[in-house]
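Chemist: One structure follows; several queries about it will come next.
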Amino acid sequence: MVNKKALITGASSGIGLEFVRALSKEYDITLVSNEKDKLNKIVNELVGNHKFIYADLTDFKDIKRICDEISNKNYNLVINNAGMGIYGDFAETPIDKLNEVITINCNAIMMISHSFLKKAKPGDSLIIVSSAIVFLPSSNGPIYVSTKAFNSLLGQCLWHKQRKRGVYVMTLHPGVTNTGFFNKSGVNKLPPKSIMQSSEEVVKIAVRELNKRKKPIVVTGIKNKFFIFLTRFLPRKTIINFMERF
Ligand SMILES: NC(=O)c1ccc[n+]([C@@H]2O[C@H](COP(=O)([O-])OP(=O)(O)OC[C@H]3O[C@@H](n4cnc5c(N)ncnc54)[C@H](OP(=O)(O)O)[C@@H]3O)[C@@H](O)[C@H]2O)c1
């Protein structure tokens, strides 16, 4: 039997790597990230017909290379997972750093989704990884939160149109997840373990919903859903103040 084909960005660690593990029997996967050695090791350990492409998704030339790969091959699933966090005072953060985050978190996702949806067929799927933080904005990460809001709204709008042609678009909103993300994002205090999910848990929920092909928004875990539910009854001011202290 010929496997379906998937391309996963940010596949060298965390949630992306977990997607690779969960889907590697069903799909021939192209793993994308800026960590050549890690990718090589992962592909060598996997069973099946998988490959990797090195790409720095803060670089438009590399983003274009990934778009060309998608345009030239028939992928059935694309997972836009690669992302960078950035925390700290907005005005004090170098503008080039903020632009890098916007390039990988917004431009890359928009361009890759565009290349995929141009030739997607009924039955194909696109996942955009946003974050539960869009419902609980943290003033300590204004650019990160804003990029994730872009992901969330882009995914929801695409879901509606693509559904009519049989293509499923999921926007995934994980809560705090135990990956290397926070260490790389410049946070000086890690979130409490009690609210952390594992990347296995996040991906298990995402894959279950991918198989159902129904929901535009997938929020992972009951605690995250509960907090988001509460935000319906609270003034925005209260939520932002709470997140600042948190
Ligand atoms: N962790 C959380 O609490 C959380 C919560 C909600 C949403 N998310 C979202 O989930 C997604 C995955 O994050 P994660 O938690 O799994 O973090 P992670 O472990 O840091 O994974 C991020 C992935 O993106 C890759 N990447 C980083 N910079 C890149 C670049 N310039 N070019 C290409 N690839 C690059 C990383 O490669 P390396 O191997 O070099 O690191 C890694 O494979 C992100 O979009 C994040 O915003 C995370």
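Ordering of the structure tokens sets the chain letters (A, B, ...), residue numbers begin anew at 1 in every chain, and ligands are numbered from 1 in the order given.
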Excluding Ile8 in chain A and any residue of its chain fewer than 4 positions from it, enumerate the residues within 10 Å of it, using only C-alpha atoms, and give them as an MDAnalysis selection string.
Modeler: chainID A and resid 12 16:17 19:20 29:33 52 77:82 127
Chemist: Got a sec to check which residues lie within 6 Å of ligand 1, using only C-alpha atoms and all ligand atoms, and send them as number ranges by chain?
Modeler: A: 10-16, 33-35, 55-58, 81-84, 129-131, 174-181
Chemist: Run DSSP on the backbone of this structure and report the residues of range 130-242 of chain A it assigns to strand (DSSP E), as a list in words.
Modeler: Tyr168, Val169, Met170, Thr171, Leu172, His173, Ile217, Val218 and Val219 of chain A
Chemist: Counting only C-alpha atoms, what is within 8 Å of range 225-241 of chain A, bar same-chain residues fewer than 3 positions away, as a PDB file with N, CA, C and O atoms, in the first residue's frame?
Modeler:
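Dumped everything to around_33.pdb:
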ATOM      1  N   ALA A 132      -3.226  28.435  22.906  1.00  0.00           N
ATOM      2  CA  ALA A 132      -4.334  28.838  23.786  1.00  0.00           C
ATOM      3  C   ALA A 132      -4.114  30.247  24.336  1.00  0.00           C
ATOM      4  O   ALA A 132      -5.042  30.882  24.827  1.00  0.00           O
ATOM      5  N   PHE A 135      -6.415  33.337  23.743  1.00  0.00           N
ATOM      6  CA  PHE A 135      -7.611  33.616  24.546  1.00  0.00           C
ATOM      7  C   PHE A 135      -7.250  34.271  25.874  1.00  0.00           C
ATOM      8  O   PHE A 135      -8.103  34.799  26.569  1.00  0.00           O
ATOM      9  N   LEU A 136      -5.946  34.148  26.262  1.00  0.00           N
ATOM     10  CA  LEU A 136      -5.480  34.659  27.557  1.00  0.00           C
ATOM     11  C   LEU A 136      -4.200  35.458  27.331  1.00  0.00           C
ATOM     12  O   LEU A 136      -3.113  35.034  27.716  1.00  0.00           O
ATOM     13  N   PRO A 137      -4.304  36.606  26.667  1.00  0.00           N
ATOM     14  CA  PRO A 137      -3.083  37.267  26.210  1.00  0.00           C
ATOM     15  C   PRO A 137      -2.150  37.725  27.321  1.00  0.00           C
ATOM     16  O   PRO A 137      -2.585  38.319  28.305  1.00  0.00           O
ATOM     17  N   SER A 138      -0.874  37.387  27.144  1.00  0.00           N
ATOM     18  CA  SER A 138       0.133  37.768  28.131  1.00  0.00           C
ATOM     19  C   SER A 138       0.843  39.019  27.647  1.00  0.00           C
ATOM     20  O   SER A 138       1.447  39.029  26.573  1.00  0.00           O
ATOM     21  N   SER A 139       0.799  40.070  28.471  1.00  0.00           N
ATOM     22  CA  SER A 139       1.412  41.330  28.043  1.00  0.00           C
ATOM     23  C   SER A 139       2.933  41.237  28.018  1.00  0.00           C
ATOM     24  O   SER A 139       3.609  42.124  27.521  1.00  0.00           O
ATOM     25  N   VAL A 219      -8.732  22.985  20.947  1.00  0.00           N
ATOM     26  CA  VAL A 219      -8.019  23.382  22.163  1.00  0.00           C
ATOM     27  C   VAL A 219      -7.675  22.086  22.894  1.00  0.00           C
ATOM     28  O   VAL A 219      -8.529  21.225  23.070  1.00  0.00           O
ATOM     29  N   THR A 220      -6.408  21.957  23.301  1.00  0.00           N
ATOM     30  CA  THR A 220      -6.009  20.681  23.889  1.00  0.00           C
ATOM     31  C   THR A 220      -6.185  20.687  25.409  1.00  0.00           C
ATOM     32  O   THR A 220      -5.657  21.560  26.098  1.00  0.00           O
ATOM     33  N   GLY A 221      -6.946  19.735  25.918  1.00  0.00           N
ATOM     34  CA  GLY A 221      -7.017  19.503  27.359  1.00  0.00           C
ATOM     35  C   GLY A 221      -8.127  20.245  28.062  1.00  0.00           C
ATOM     36  O   GLY A 221      -8.488  21.367  27.696  1.00  0.00           O
ATOM     37  N   ILE A 222      -8.658  19.600  29.092  1.00  0.00           N
ATOM     38  CA  ILE A 222      -9.827  20.107  29.809  1.00  0.00           C
ATOM     39  C   ILE A 222      -9.500  21.380  30.598  1.00  0.00           C
ATOM     40  O   ILE A 222     -10.308  22.307  30.664  1.00  0.00           O
ATOM     41  N   GLU A 244      -0.610  38.969  33.525  1.00  0.00           N
ATOM     42  CA  GLU A 244       0.615  39.703  33.871  1.00  0.00           C
ATOM     43  C   GLU A 244       1.201  39.128  35.167  1.00  0.00           C
ATOM     44  O   GLU A 244       2.392  38.831  35.251  1.00  0.00           O
ATOM     45  N   ARG A 245       0.327  38.905  36.155  1.00  0.00           N
ATOM     46  CA  ARG A 245       0.810  38.357  37.438  1.00  0.00           C
ATOM     47  C   ARG A 245       1.242  36.911  37.271  1.00  0.00           C
ATOM     48  O   ARG A 245       2.240  36.471  37.818  1.00  0.00           O
TER      49      ARG A 245
END
Chemist: What's the 10 Å shell around Leu154 in chain A, counting only C-alpha atoms, without same-chain residues fewer than 3 positions away, as a PyMOL selection string?
Modeler: chain A and resi 106+109-110+113+128+130+148-151+157-159+169+171
Chemist: Go ahead and compute the interatomic distance for CA of Lys215 in chain A and CA of Tyr168 in chain A, in Å to one decimal.
Modeler: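 Atom-to-atom, CA of Lys215 in chain A to CA of Tyr168 in chain A, that is 8.9 Å.
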Chemist: Would you pick out the contacts of range 183-189 of chain A at 6 Å or less, using only C-alpha atoms, so that residues sharing its chain but fewer than 5 positions from it are not included, and give the list as a PyMOL selection string?
Modeler: chain A and resi 85-87
Chemist: Using all heavy atoms, can you write the selected residues to a file as a compact mmCIF listing (two decimals), in the first residue's frame?
Modeler:
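Okay, result-v3.txt is ready:
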# COMPACT_ATOMS: atom_id res chain seq x y z
N GLY A 85 9.01 31.71 20.16
CA GLY A 85 8.40 32.61 21.14
C GLY A 85 9.35 33.75 21.41
O GLY A 85 10.56 33.64 21.16
N ILE A 86 8.80 34.85 21.88
CA ILE A 86 9.68 35.95 22.31
C ILE A 86 8.99 36.70 23.44
O ILE A 86 7.85 37.13 23.31
CB ILE A 86 10.07 36.87 21.12
CG1 ILE A 86 11.15 37.84 21.58
CG2 ILE A 86 8.90 37.60 20.52
CD1 ILE A 86 12.02 38.35 20.46
N TYR A 87 9.68 36.75 24.57
CA TYR A 87 9.12 37.42 25.75
C TYR A 87 10.06 38.53 26.17
O TYR A 87 11.25 38.50 25.87
CB TYR A 87 8.92 36.41 26.88
CG TYR A 87 7.79 35.44 26.57
CD1 TYR A 87 8.03 34.29 25.83
CD2 TYR A 87 6.49 35.72 26.98
CE1 TYR A 87 6.98 33.43 25.51
CE2 TYR A 87 5.45 34.86 26.66
CZ TYR A 87 5.71 33.72 25.93
OH TYR A 87 4.68 32.88 25.62
Chemist: Which residue, A:Val101, A:Leu117, A:Met243, A:Met170, has the smallest gap to Asn211 in chain A when you use only C-alpha atoms?
Modeler: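 The answer is A:Met170, which sits nearest to Asn211 in chain A.
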Chemist: Taking only C-alpha atoms into account, name the residue in A:Tyr27, A:Phe60, A:Tyr54, A:Phe90 that is nearest to Tyr75 in chain A.
Modeler: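 Looking only at the distances to Tyr75 in chain A, the closest residue turns out to be A:Tyr27.
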Chemist: Any idea what the distance is between CA of Thr147 in chain A and CA of Ile112 in chain A?
Modeler: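 Rounded to one decimal, the two atoms are 15.5 Å apart.
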Chemist: Give me every helix (DSSP H, G or I) residue in range 56-204 of chain A, going by DSSP on the backbone, as number ranges by chain.
Modeler: A: 60-72, 95-119, 132-134, 142-163, 181-185, 193-195, 199-204
